[in-house]
$ cat run27.txt   # compact mmCIF, C-alpha atoms
# COMPACT_ATOMS: atom_id res chain seq x y z
CA MET A 1493 -5.46 6.64 -11.07
CA GLU A 1494 -8.93 5.33 -10.30
CA PHE A 1495 -9.41 1.62 -10.23
CA ASN A 1496 -12.35 -0.53 -11.10
CA PRO A 1497 -13.70 -2.08 -7.91
CA ASN A 1498 -14.09 -5.60 -9.28
CA LYS A 1499 -10.71 -6.58 -10.55
CA ALA A 1500 -7.50 -7.10 -8.60
CA ILE A 1501 -5.30 -4.06 -9.12
CA TYR A 1502 -2.36 -5.97 -10.50
CA LEU A 1503 -4.65 -7.33 -13.23
CA GLN A 1504 -5.97 -3.88 -14.00
CA ILE A 1505 -2.40 -2.64 -14.46
CA ARG A 1506 -1.79 -5.62 -16.74
CA ASP A 1507 -4.84 -4.64 -18.83
CA THR A 1508 -3.55 -1.09 -19.17
CA ILE A 1509 -0.17 -2.29 -20.45
CA CYS A 1510 -1.84 -4.78 -22.80
CA GLU A 1511 -4.05 -2.05 -24.24
CA ARG A 1512 -1.01 0.10 -24.90
CA ILE A 1513 0.56 -2.83 -26.73
CA LEU A 1514 -2.58 -3.38 -28.82
CA SER A 1515 -2.84 0.29 -29.73
CA GLY A 1516 0.78 0.23 -30.88
CA GLU A 1517 1.91 2.76 -28.29
CA LEU A 1518 4.25 0.13 -26.84
CA LYS A 1519 6.33 -1.67 -29.45
CA PRO A 1520 8.66 -4.68 -29.33
CA GLU A 1521 11.89 -3.91 -27.47
CA ASP A 1522 10.39 -0.81 -25.84
CA ARG A 1523 11.43 -0.52 -22.22
CA ILE A 1524 8.69 -0.22 -19.63
CA PRO A 1525 9.31 1.68 -16.36
CA SER A 1526 10.85 -0.11 -13.40
CA VAL A 1527 8.52 -1.51 -10.76
CA ARG A 1528 9.20 1.39 -8.42
CA GLU A 1529 8.96 4.10 -11.09
CA TYR A 1530 5.67 2.73 -12.30
CA GLY A 1531 4.34 2.26 -8.78
CA ALA A 1532 5.26 5.82 -7.86
CA SER A 1533 3.67 7.25 -10.99
CA ILE A 1534 0.29 5.60 -10.39
CA GLY A 1535 0.38 5.54 -6.56
CA VAL A 1536 0.49 1.77 -6.22
CA ASN A 1537 2.70 -0.44 -4.06
CA PRO A 1538 5.77 -1.72 -5.98
CA ASN A 1539 4.88 -5.29 -4.95
CA THR A 1540 1.61 -4.95 -6.83
CA VAL A 1541 3.42 -3.80 -9.98
CA MET A 1542 5.89 -6.65 -9.48
CA ARG A 1543 3.01 -9.11 -9.61
CA THR A 1544 1.84 -7.53 -12.88
CA TYR A 1545 5.33 -7.85 -14.36
CA GLU A 1546 5.66 -11.44 -13.19
CA LYS A 1547 2.36 -12.31 -14.82
CA LEU A 1548 3.25 -10.56 -18.09
CA THR A 1549 6.64 -12.30 -18.07
CA ALA A 1550 4.98 -15.69 -17.60
CA GLU A 1551 2.64 -14.85 -20.48
CA GLY A 1552 5.63 -13.99 -22.70
CA VAL A 1553 4.54 -10.40 -23.21
CA ILE A 1554 7.52 -8.78 -21.51
CA TYR A 1555 10.97 -10.01 -20.59
CA ASN A 1556 13.58 -8.99 -18.08
CA LYS A 1557 17.10 -8.02 -19.09
CA ARG A 1558 18.99 -8.45 -15.88
CA GLY A 1559 20.04 -5.20 -14.34
CA ILE A 1560 18.57 -3.17 -17.21
CA GLY A 1561 14.83 -3.53 -16.95
CA TYR A 1562 11.71 -4.95 -18.54
CA PHE A 1563 11.10 -4.88 -22.30
CA ILE A 1564 8.24 -5.77 -24.65
CA THR A 1565 8.84 -9.08 -26.46
CA PRO A 1566 8.66 -9.37 -30.28
CA ASP A 1567 5.50 -11.53 -30.09
CA ALA A 1568 3.77 -9.38 -27.48
CA LYS A 1569 1.06 -8.03 -29.73
CA ASP A 1570 0.05 -11.47 -31.06
CA LEU A 1571 -0.03 -12.95 -27.57
CA VAL A 1572 -2.07 -10.08 -26.19
CA LEU A 1573 -4.49 -10.22 -29.11
CA GLU A 1574 -5.02 -13.91 -28.54
CA SER A 1575 -5.55 -13.66 -24.79
CA SER A 1576 -7.66 -10.49 -25.00
CA ARG A 1577 -9.94 -11.99 -27.66
CA LYS A 1578 -10.38 -15.05 -25.52
CA GLU A 1579 -11.18 -12.95 -22.49
CA PHE A 1580 -13.63 -10.82 -24.47
CA LEU A 1581 -15.45 -13.84 -25.92
CA GLU A 1582 -15.58 -15.74 -22.65
CA LYS A 1583 -16.14 -13.02 -20.09
CA GLU A 1584 -17.31 -9.78 -21.64
CA LEU A 1585 -19.45 -10.96 -24.54
CA PRO A 1586 -21.83 -13.01 -22.36
CA LEU A 1587 -22.47 -9.86 -20.30
CA VAL A 1588 -23.08 -7.82 -23.44
CA LEU A 1589 -25.46 -10.48 -24.77
CA ARG A 1590 -27.36 -10.58 -21.51
CA LYS A 1591 -27.72 -6.84 -21.51
CA MET A 1592 -28.90 -6.90 -25.13
CA GLN A 1593 -31.52 -9.44 -24.19
CA LEU A 1594 -32.73 -7.26 -21.33
CA LEU A 1595 -32.91 -4.27 -23.64
CA GLU A 1596 -34.58 -6.32 -26.39
CA LEU A 1597 -31.88 -5.47 -28.90
CA ASN A 1598 -31.02 -7.62 -31.91
CA PRO A 1599 -27.50 -8.07 -33.23
CA LYS A 1600 -28.83 -6.34 -36.34
CA ASP A 1601 -29.56 -3.18 -34.40
CA LEU A 1602 -25.90 -3.09 -33.45
CA LEU A 1603 -24.72 -3.30 -37.04
CA ASP A 1604 -26.59 -0.09 -37.81
CA GLN A 1605 -24.84 1.62 -34.89
CA SER A 1606 -21.29 0.66 -35.76
CA VAL A 1607 -19.02 2.09 -38.45
CA MET B 507 14.03 -7.11 9.37
CA ILE B 508 12.18 -6.48 12.61
CA GLU B 509 11.30 -9.47 14.76
CA ILE B 510 8.69 -8.96 17.44
CA ARG B 511 8.31 -11.77 19.97
CA ASN B 512 5.72 -12.02 22.75
CA LEU B 513 5.82 -8.28 23.17
CA ALA B 514 3.79 -6.90 26.06
CA PHE B 515 3.23 -3.38 27.30
CA SER B 516 0.82 -1.80 29.75
CA TYR B 517 0.24 1.66 31.13
CA GLY B 518 0.11 1.04 34.88
CA LYS B 519 -2.48 -1.66 35.33
CA VAL B 520 -4.03 -1.14 31.91
CA PRO B 521 -2.63 -3.69 29.49
CA VAL B 522 -2.34 -2.39 25.92
CA LEU B 523 -0.29 -4.96 24.06
CA LYS B 524 -0.31 -8.52 25.25
CA SER B 525 2.00 -11.03 23.67
CA ILE B 526 2.43 -9.64 20.16
CA SER B 527 4.55 -11.71 17.78
CA THR B 528 5.13 -10.86 14.16
CA ASP B 529 7.87 -10.09 11.62
CA LEU B 530 8.32 -6.96 9.55
CA GLU B 531 10.28 -7.60 6.38
CA GLU B 532 12.43 -5.52 4.09
CA GLY B 533 11.07 -3.81 1.00
CA ARG B 534 7.54 -3.60 2.33
CA ILE B 535 5.09 -0.84 3.16
CA TYR B 536 3.04 -2.08 6.08
CA GLY B 537 -0.34 -0.60 6.92
CA LEU B 538 -0.98 -0.84 10.64
CA LEU B 539 -4.70 -0.75 11.27
CA GLY B 540 -6.74 -1.00 14.43
CA GLU B 541 -9.54 0.66 16.31
CA ASN B 542 -8.89 3.62 18.59
CA GLY B 543 -6.96 2.65 21.67
CA VAL B 544 -5.72 -0.79 20.57
CA GLY B 545 -2.11 0.33 20.86
CA LYS B 546 -0.97 1.31 17.36
CA THR B 547 0.93 4.34 18.59
CA THR B 548 2.30 2.36 21.56
CA LEU B 549 3.58 -0.28 19.15
CA LEU B 550 5.22 2.34 16.91
CA THR B 551 6.95 4.02 19.85
CA LEU B 552 8.19 0.63 21.06
CA LEU B 553 9.50 -0.16 17.58
CA CYS B 554 11.47 3.05 17.37
CA GLY B 555 12.91 2.69 20.87
CA LEU B 556 11.01 5.42 22.69
CA LYS B 557 9.50 2.87 25.06
CA LYS B 558 10.92 -0.21 26.70
CA PRO B 559 9.19 -3.55 26.18
CA GLN B 560 7.94 -4.83 29.54
CA GLU B 561 7.92 -8.38 28.32
CA GLY B 562 9.14 -10.08 25.19
CA SER B 563 11.50 -8.53 22.67
CA ILE B 564 11.93 -6.49 19.53
CA LEU B 565 14.97 -7.03 17.35
CA THR B 566 15.69 -4.63 14.49
CA ASP B 567 18.51 -6.12 12.38
CA GLY B 568 19.42 -8.00 15.56
CA GLU B 569 19.46 -4.92 17.81
CA ASN B 570 17.09 -3.96 20.58
CA PRO B 571 15.73 -0.53 19.53
CA PHE B 572 15.52 0.57 23.18
CA ASP B 573 19.36 0.39 23.35
CA ARG B 574 19.18 3.35 20.98
CA THR B 575 22.58 2.76 19.44
CA PRO B 576 23.69 5.53 17.08
CA SER B 577 23.99 2.99 14.28
CA LEU B 578 20.33 2.02 14.53
CA LEU B 579 19.04 5.53 15.26
CA SER B 580 20.77 6.81 12.14
CA ARG B 581 18.85 4.30 10.03
CA GLN B 582 15.36 5.02 11.31
CA TYR B 583 12.88 7.85 11.53
CA TYR B 584 9.60 8.22 13.38
CA ILE B 585 6.94 10.77 12.49
CA PRO B 586 4.44 11.02 15.34
CA ASP B 587 0.86 12.08 14.79
CA GLU B 588 1.66 15.47 16.26
CA VAL B 589 4.94 17.02 15.22
CA ALA B 590 6.84 19.82 16.91
CA PRO B 591 6.40 23.36 15.48
CA VAL B 592 9.99 24.47 16.10
CA PRO B 593 10.82 28.17 15.67
CA MET B 594 13.15 27.57 12.72
CA LYS B 595 12.99 27.89 8.97
CA ALA B 596 12.24 24.51 7.39
CA GLU B 597 15.46 24.51 5.40
CA THR B 598 17.66 25.37 8.40
CA PHE B 599 15.93 22.76 10.53
CA ALA B 600 16.53 20.08 7.91
CA LYS B 601 20.15 21.02 7.29
CA GLU B 602 21.01 21.01 10.99
CA LYS B 603 19.13 17.87 11.94
CA GLY B 604 20.16 16.03 8.80
CA ARG B 605 23.70 15.73 10.13
CA PHE B 606 22.60 12.90 12.39
CA TRP B 607 21.68 10.69 9.42
CA PRO B 608 24.65 9.67 7.26
CA GLY B 609 22.29 9.02 4.36
CA TYR B 610 20.69 12.47 4.57
CA ASP B 611 20.40 14.21 1.22
CA HIS B 612 19.60 17.91 1.40
CA ALA B 613 18.92 18.21 -2.32
CA ARG B 614 16.34 15.50 -1.93
CA PHE B 615 14.71 17.38 0.96
CA ILE B 616 14.42 20.45 -1.26
CA ALA B 617 13.00 18.37 -4.11
CA ILE B 618 10.32 16.75 -1.95
CA MET B 619 9.37 20.08 -0.35
CA LYS B 620 8.92 21.47 -3.87
CA GLU B 621 6.73 18.55 -4.88
CA PHE B 622 4.58 19.27 -1.84
CA GLU B 623 4.58 22.99 -2.78
CA ASN B 624 5.92 23.75 0.67
CA ASP B 625 7.90 26.89 1.47
CA LEU B 626 11.50 26.20 2.54
CA GLU B 627 11.91 29.69 3.99
CA LYS B 628 8.87 29.54 6.23
CA LYS B 629 9.34 29.18 9.96
CA MET B 630 7.93 25.91 11.14
CA ASN B 631 6.01 27.46 14.03
CA GLN B 632 4.21 29.67 11.53
CA MET B 633 3.11 26.79 9.33
CA SER B 634 -0.35 25.26 9.15
CA ALA B 635 -0.72 21.72 10.53
CA GLY B 636 -0.59 20.27 7.01
CA GLN B 637 2.47 22.28 5.96
CA LEU B 638 4.27 21.24 9.13
CA LYS B 639 3.43 17.58 8.55
CA LYS B 640 4.69 17.82 4.99
CA THR B 641 7.95 19.34 6.22
CA TYR B 642 8.50 16.38 8.54
CA ILE B 643 7.54 13.87 5.85
CA SER B 644 10.00 15.52 3.44
CA PHE B 645 12.69 15.40 6.07
CA ALA B 646 11.99 11.77 6.97
CA LEU B 647 12.23 10.75 3.32
CA ALA B 648 15.44 12.77 2.87
CA THR B 649 17.17 10.94 5.73
CA GLY B 650 17.38 7.81 3.56
CA SER B 651 16.29 5.78 6.59
CA LYS B 652 15.81 2.09 6.18
CA TYR B 653 13.10 2.03 8.85
CA LEU B 654 10.33 4.60 8.67
CA PHE B 655 7.56 4.69 11.23
CA MET B 656 4.65 7.02 10.56
CA ASP B 657 1.65 7.63 12.75
CA GLU B 658 -1.31 8.88 10.70
CA PRO B 659 0.88 10.66 8.13
CA THR B 660 -2.01 11.77 5.92
CA ASN B 661 -3.86 13.51 8.76
CA GLY B 662 -4.11 17.18 7.93
CA LEU B 663 -2.84 16.80 4.36
CA ASP B 664 -4.91 18.51 1.69
CA ILE B 665 -6.23 16.60 -1.31
CA PRO B 666 -3.29 17.12 -3.72
CA SER B 667 -0.78 16.37 -0.97
CA LYS B 668 -2.25 12.93 -0.39
CA SER B 669 -1.42 11.75 -3.86
CA GLN B 670 1.98 13.48 -3.70
CA PHE B 671 2.56 11.57 -0.48
CA ARG B 672 1.76 8.23 -2.14
CA THR B 673 4.20 8.99 -4.94
CA ALA B 674 6.94 10.35 -2.69
CA ILE B 675 6.87 7.36 -0.39
CA MET B 676 7.83 5.09 -3.26
CA LYS B 677 10.07 7.46 -5.12
CA TYR B 678 12.27 8.51 -2.22
CA THR B 679 12.73 5.45 -0.03
CA PRO B 680 15.51 2.89 -0.41
CA GLU B 681 14.39 -0.35 -2.04
CA ASP B 682 15.12 -2.44 1.04
CA SER B 683 13.33 -0.17 3.47
CA THR B 684 10.64 -1.23 5.90
CA ILE B 685 7.90 1.35 6.20
CA ILE B 686 5.18 1.09 8.82
CA ILE B 687 2.24 3.42 8.49
CA SER B 688 -0.43 3.47 11.14
CA THR B 689 -3.65 4.88 9.77
CA HIS B 690 -7.41 5.16 9.91
CA GLN B 691 -7.44 6.83 6.51
CA VAL B 692 -7.30 3.57 4.59
CA ARG B 693 -8.81 5.13 1.49
CA ASP B 694 -5.89 7.53 1.28
CA LEU B 695 -3.43 4.67 1.28
CA GLU B 696 -5.44 1.75 -0.08
CA ASN B 697 -3.17 0.97 -3.02
CA ILE B 698 0.15 1.55 -1.38
CA ILE B 699 -0.09 -0.53 1.77
CA ASP B 700 0.87 -4.17 1.38
CA PRO B 701 1.03 -6.13 3.73
CA VAL B 702 -1.77 -5.18 6.08
CA ILE B 703 -1.52 -5.65 9.84
CA ILE B 704 -4.70 -5.56 11.88
CA LEU B 705 -4.08 -4.98 15.54
CA ASP B 706 -6.81 -5.93 17.93
CA ARG B 707 -6.99 -5.50 21.68
CA GLN B 708 -3.70 -6.99 22.78
CA ASP B 709 -3.23 -9.14 19.72
CA VAL B 710 -2.33 -9.21 16.02
CA LEU B 711 -5.41 -10.43 14.15
CA LEU B 712 -3.69 -10.56 10.81
CA ASN B 713 -0.39 -9.75 9.13
CA ALA B 714 -0.78 -10.68 5.49
CA SER B 715 0.10 -9.49 2.01
CA ILE B 716 -2.63 -8.34 -0.35
CA GLU B 717 -1.90 -11.43 -2.44
CA GLU B 718 -2.50 -13.72 0.52
CA ILE B 719 -5.66 -11.84 1.48
CA SER B 720 -7.05 -12.18 -2.03
CA GLU B 721 -6.28 -15.89 -1.97
CA LYS B 722 -8.20 -16.40 1.24
CA LEU B 723 -11.04 -13.93 0.95
CA TYR B 724 -13.23 -13.00 -1.98
CA PHE B 725 -14.53 -9.45 -2.31
CA ASP B 726 -17.73 -9.56 -4.30
CA TYR B 727 -19.03 -6.33 -5.82
CA GLY B 728 -22.38 -7.40 -7.15
CA THR B 729 -26.10 -6.97 -7.04
CA THR B 730 -27.11 -10.35 -5.62
CA TYR B 731 -26.89 -11.54 -2.07
CA ARG B 732 -24.40 -14.35 -1.59
CA GLU B 733 -24.89 -17.17 0.89
CA GLY B 734 -22.18 -17.36 3.52
CA ALA B 735 -21.02 -13.76 3.31
CA LEU B 736 -18.91 -12.84 6.34
CA PHE B 737 -19.59 -9.17 5.84
CA SER B 738 -21.76 -7.14 3.55
CA GLU B 739 -22.15 -3.47 2.95
CA PRO B 740 -24.59 -1.69 0.62
CA LEU B 741 -22.98 0.33 -2.16
CA PRO B 742 -24.64 2.67 -4.66
CA GLY B 743 -24.58 -0.08 -7.30
CA GLY B 744 -25.31 -3.14 -5.16
CA PHE B 745 -23.36 -4.70 -2.31
CA LEU B 746 -19.83 -5.33 -1.33
CA GLN B 747 -19.67 -8.75 0.27
CA VAL B 748 -16.72 -10.56 1.75
CA LEU B 749 -16.68 -14.35 1.55
CA PRO B 750 -14.15 -17.10 2.13
CA ASN B 751 -12.46 -17.59 -1.25
CA VAL B 752 -13.44 -21.14 -2.15
CA ASP B 753 -13.12 -20.97 -5.95
CA GLY B 754 -9.65 -19.46 -5.94
CA GLU B 755 -10.92 -16.50 -7.93
CA GLU B 756 -9.12 -13.21 -7.57
CA SER B 757 -10.79 -9.98 -6.57
CA LYS B 758 -9.76 -6.54 -5.51
CA VAL B 759 -9.09 -6.36 -1.78
CA ASN B 760 -11.03 -3.57 -0.10
CA ILE B 761 -9.20 -2.74 3.10
CA GLU B 762 -12.13 -1.15 4.91
CA ALA B 763 -14.26 -4.21 4.26
CA LEU B 764 -11.37 -6.45 5.28
CA PHE B 765 -11.08 -4.57 8.55
CA ASN B 766 -14.79 -4.85 9.25
CA THR B 767 -14.77 -8.55 8.39
CA ALA B 768 -11.83 -9.17 10.70
CA HIS B 769 -13.67 -7.33 13.41
CA ALA B 770 -16.85 -9.28 13.11
CA HIS B 771 -15.07 -12.65 12.89
CA LYS B 772 -11.92 -12.35 14.95
CA THR B 773 -11.31 -16.02 15.68
CA LEU B 774 -12.13 -17.15 12.16
CA ILE B 775 -9.89 -14.56 10.51
CA LYS B 776 -7.07 -15.28 12.92
CA GLU B 777 -7.24 -18.97 12.19
CA MET B 778 -7.53 -18.40 8.46
CA PHE B 779 -4.35 -16.34 8.37
CA ASN B 780 -2.27 -18.12 10.95
CA LYS B 781 -2.06 -21.44 9.16
$ encode --input "run27.txt" --output "C-alpha cells"
Amino acid sequence: MEFNPNKAIYLQIRDTICERILSGELKPEDRIPSVREYGASIGVNPNTVMRTYEKLTAEGVIYNKRGIGYFITPDAKDLVLESSRKEFLEKELPLVLRKMQLLELNPKDLLDQSV
Amino acid sequence: MIEIRNLAFSYGKVPVLKSISTDLEEGRIYGLLGENGVGKTTLLTLLCGLKKPQEGSILTDGENPFDRTPSLLSRQYYIPDEVAPVPMKAETFAKEKGRFWPGYDHARFIAIMKEFENDLEKKMNQMSAGQLKKTYISFALATGSKYLFMDEPTNGLDIPSKSQFRTAIMKYTPEDSTIIISTHQVRDLENIIDPVIILDRQDVLLNASIEEISEKLYFDYGTTYREGALFSEPLPGGFLQVLPNVDGEESKVNIEALFNTAHAHKTLIKEMFNK
C-alpha cells in the first residue's frame, strides 16, 4: 500500500475505512479485521492500526466486542458522512477554490463538466 | 521486557557503547538506527548474550542474557547480517534445530518458506544470499520466540520479498513479542517500525514511538520555506521540512528525515525526547 506523504498513516487508514463505509462496502455489524491481521495485510505496524481503531471507536464509527473483535456501529454511515462533509468543506474545498482561482475557472464551468 | 542500564562496551581501547540506558517493551517492533560503526550490531549481540557487558547491565525478563540460560535462549532468536550457509537442506536444518525451541512450529516454517517462494529441498550452501536470508527469517519466525533480534534483515532480499517480510513479521510473531530490527534500509521498513531508536556514538539519541515523534516534530511536505526548520530536503514537488511541532498538528513521520534531523541537532533532539 502506498501512502500519501502528508497525512499521518493512522489517519490515512481511517480514511480508507470511512470510504468503505460510505460506499456501502462495510455495513453496520460487519466485522473488521483484527489489528494484527489488518496490519499484516497492508504492511503497517499493529500499533498504528490500533490508533486508527481507537480513533474510530472514539468517533462512534466502530465498537469493540470484547474478545471477538471490532464491528461497524449502526450509525457509522451518518457519523462518517457528517465528519467527512465537514472535512471536505473546511479543508479540501478551500484548496479546490484556490486552484480554480489560479486556473481562472468559474463554478459554472464545473457544472458543465459534471454529470 | 528488556531493561538496559548504563551499558558500556569497548573493543580494546576503542569505546563503542558508553552508558546506554533504555527499555524495550513487549508487543513492539523497534527500529534500531544509527550511522555505520555506532555499535548497532554490538548492541544486538550484547542483547542476545553473545557478548558480556563490561559495565552496566541488561535484564531480559529479569535475566542477564549473558548467563545464557536454556529458558531464555529458547525464547529468543538472533539473525546476524551474515548467516551461515550450512550444507543441509533447508527443511532438515529447520526440523533439527527447531527442537531447541519449545514453541517451534514446523508447519509454520513450511508456510513462511512458501510465502517467500523459497525451496525447502534446496541445500543452504547452494542458495543465493537472499534465499539463505529468507530461510533464516522463516526459521526465526517459526521458533515462536518472544525476543527477535535482526541485523539488517532486508539486505539481499528482492523486491517482492521485502513486502512479504513486512507481512510475515506481523503475521507470525506472538502478540507480546519484542522485535528489534537494526537497519539502514528505513524505506523498506518505514511503516512497520514503531518505536524508533536512534543510536549515536556511545549514546541513545532517541527512543520514541511514532506517536510521540509526531507530537514533538512536524514533517511539512510543502512548497514554501518555513522559518525555524531544523532540517529541509528538496523533493520533486517541493520540500520536506522538519520543525518543532508547536501547533500540535499531526503529520506523517518520515524516518529518514527524522534521522537526519537528529543528526544535525543532537542535543536539541535528545532534550526534546528525554523530558
$ closest_atom_pairs --input "run27.txt" --of "chain A" --to "chain B" --cutoff "8 Å" --atoms "all atoms listed in the file" --output "JSON lines"
{"residue": "A:Pro1497", "atom": "CA", "partner": "B:Lys758", "partner_atom": "CA", "distance": 6.4}
{"residue": "A:Asn1498", "atom": "CA", "partner": "B:Lys758", "partner_atom": "CA", "distance": 5.8}
{"residue": "A:Lys1499", "atom": "CA", "partner": "B:Lys758", "partner_atom": "CA", "distance": 5.1}
{"residue": "A:Ala1500", "atom": "CA", "partner": "B:Lys758", "partner_atom": "CA", "distance": 3.9}
{"residue": "A:Ile1501", "atom": "CA", "partner": "B:Lys758", "partner_atom": "CA", "distance": 6.3}
{"residue": "A:Arg1528", "atom": "CA", "partner": "B:Met676", "partner_atom": "CA", "distance": 6.5}
{"residue": "A:Glu1529", "atom": "CA", "partner": "B:Lys677", "partner_atom": "CA", "distance": 6.9}
{"residue": "A:Gly1531", "atom": "CA", "partner": "B:Met676", "partner_atom": "CA", "distance": 7.1}
{"residue": "A:Ala1532", "atom": "CA", "partner": "B:Thr673", "partner_atom": "CA", "distance": 4.4}
{"residue": "A:Ser1533", "atom": "CA", "partner": "B:Thr673", "partner_atom": "CA", "distance": 6.3}
{"residue": "A:Ile1534", "atom": "CA", "partner": "B:Thr673", "partner_atom": "CA", "distance": 7.5}
{"residue": "A:Gly1535", "atom": "CA", "partner": "B:Arg672", "partner_atom": "CA", "distance": 5.4}
{"residue": "A:Val1536", "atom": "CA", "partner": "B:Ile698", "partner_atom": "CA", "distance": 4.9}
{"residue": "A:Asn1537", "atom": "CA", "partner": "B:Ile698", "partner_atom": "CA", "distance": 4.2}
{"residue": "A:Pro1538", "atom": "CA", "partner": "B:Met676", "partner_atom": "CA", "distance": 7.6}
{"residue": "A:Asn1539", "atom": "CA", "partner": "B:Asp700", "partner_atom": "CA", "distance": 7.6}
$ write_last_selection --input "run27.txt" --atoms "C-alpha atoms" --output "JSON list (two decimals), keeping the file's coordinate frame"
[["chain", "number", "residue", "atom", "x", "y", "z"],
["A", 1497, "PRO", "CA", -13.70, -2.08, -7.91],
["A", 1498, "ASN", "CA", -14.09, -5.60, -9.28],
["A", 1499, "LYS", "CA", -10.71, -6.58, -10.55],
["A", 1500, "ALA", "CA", -7.50, -7.10, -8.60],
["A", 1501, "ILE", "CA", -5.30, -4.06, -9.12],
["A", 1528, "ARG", "CA", 9.20, 1.39, -8.42],
["A", 1529, "GLU", "CA", 8.96, 4.10, -11.09],
["A", 1531, "GLY", "CA", 4.34, 2.26, -8.78],
["A", 1532, "ALA", "CA", 5.26, 5.82, -7.86],
["A", 1533, "SER", "CA", 3.67, 7.25, -10.99],
["A", 1534, "ILE", "CA", 0.29, 5.60, -10.39],
["A", 1535, "GLY", "CA", 0.38, 5.54, -6.56],
["A", 1536, "VAL", "CA", 0.49, 1.77, -6.22],
["A", 1537, "ASN", "CA", 2.70, -0.44, -4.06],
["A", 1538, "PRO", "CA", 5.77, -1.72, -5.98],
["A", 1539, "ASN", "CA", 4.88, -5.29, -4.95]]
$ residues_around --input "run27.txt" --residues "range 1563-1577 of chain A" --least-positions-apart "5" --cutoff "7 Å" --atoms "all atoms listed in the file" --output "ChimeraX atom specification"
/A:1510,1513-1514,1519-1524,1552-1556
$ closest_residue --input "run27.txt" --among "B:Pro659, B:Pro666, B:Gly650, B:Gly744" --to "Pro680 in chain B" --atoms "only C-alpha atoms"
B:Gly650
$ atom_distance --input "run27.txt" --atom1 "CA of Ile1505 in chain A" --atom2 "CA of Val1541 in chain A"
7.4 Å
$ closest_residue --input "run27.txt" --among "A:Tyr1502, A:Arg1512, A:Leu1594, A:Leu1585" --to "Thr1540 in chain A" --atoms "only C-alpha atoms"
A:Tyr1502
$ closest_residue --input "run27.txt" --among "A:Leu1597, A:Leu1518, A:Val1527, A:Leu1548" --to "Leu1503 in chain A" --atoms "all atoms listed in the file"
A:Leu1548
$ residues_around --input "run27.txt" --residues "range 580-587 of chain B" --least-positions-apart "6" --cutoff "10 Å" --atoms "all atoms listed in the file" --output "PyMOL selection string"
chain B and resi 547+550-551+553-556+571+574+604-610+639+642-643+645-647+649-662+683-689
$ atom_distance --input "run27.txt" --atom1 "CA of Gln632 in chain B" --atom2 "CA of Gln691 in chain B"
26.1 Å
$ residues_around --input "run27.txt" --residues "Glu777 in chain B" --least-positions-apart "2" --cutoff "12 Å" --atoms "all atoms listed in the file" --output "list in words"
Val710, Leu711, Leu712, Asn713, Lys722, Ala768, His771, Lys772, Thr773, Leu774, Ile775, Phe779, Asn780 and Lys781 of chain B
$ write_last_selection --input "run27.txt" --atoms "C-alpha atoms" --output "tab-separated table (two decimals), in the frame of the given file"
chain	number	residue	atom	x	y	z
B	710	VAL	CA	-2.33	-9.21	16.02
B	711	LEU	CA	-5.41	-10.43	14.15
B	712	LEU	CA	-3.69	-10.56	10.81
B	713	ASN	CA	-0.39	-9.75	9.13
B	722	LYS	CA	-8.20	-16.40	1.24
B	768	ALA	CA	-11.83	-9.17	10.70
B	771	HIS	CA	-15.07	-12.65	12.89
B	772	LYS	CA	-11.92	-12.35	14.95
B	773	THR	CA	-11.31	-16.02	15.68
B	774	LEU	CA	-12.13	-17.15	12.16
B	775	ILE	CA	-9.89	-14.56	10.51
B	779	PHE	CA	-4.35	-16.34	8.37
B	780	ASN	CA	-2.27	-18.12	10.95
B	781	LYS	CA	-2.06	-21.44	9.16
$ atom_distance --input "run27.txt" --atom1 "CA of Gly562 in chain B" --atom2 "CA of Asn542 in chain B"
23.6 Å
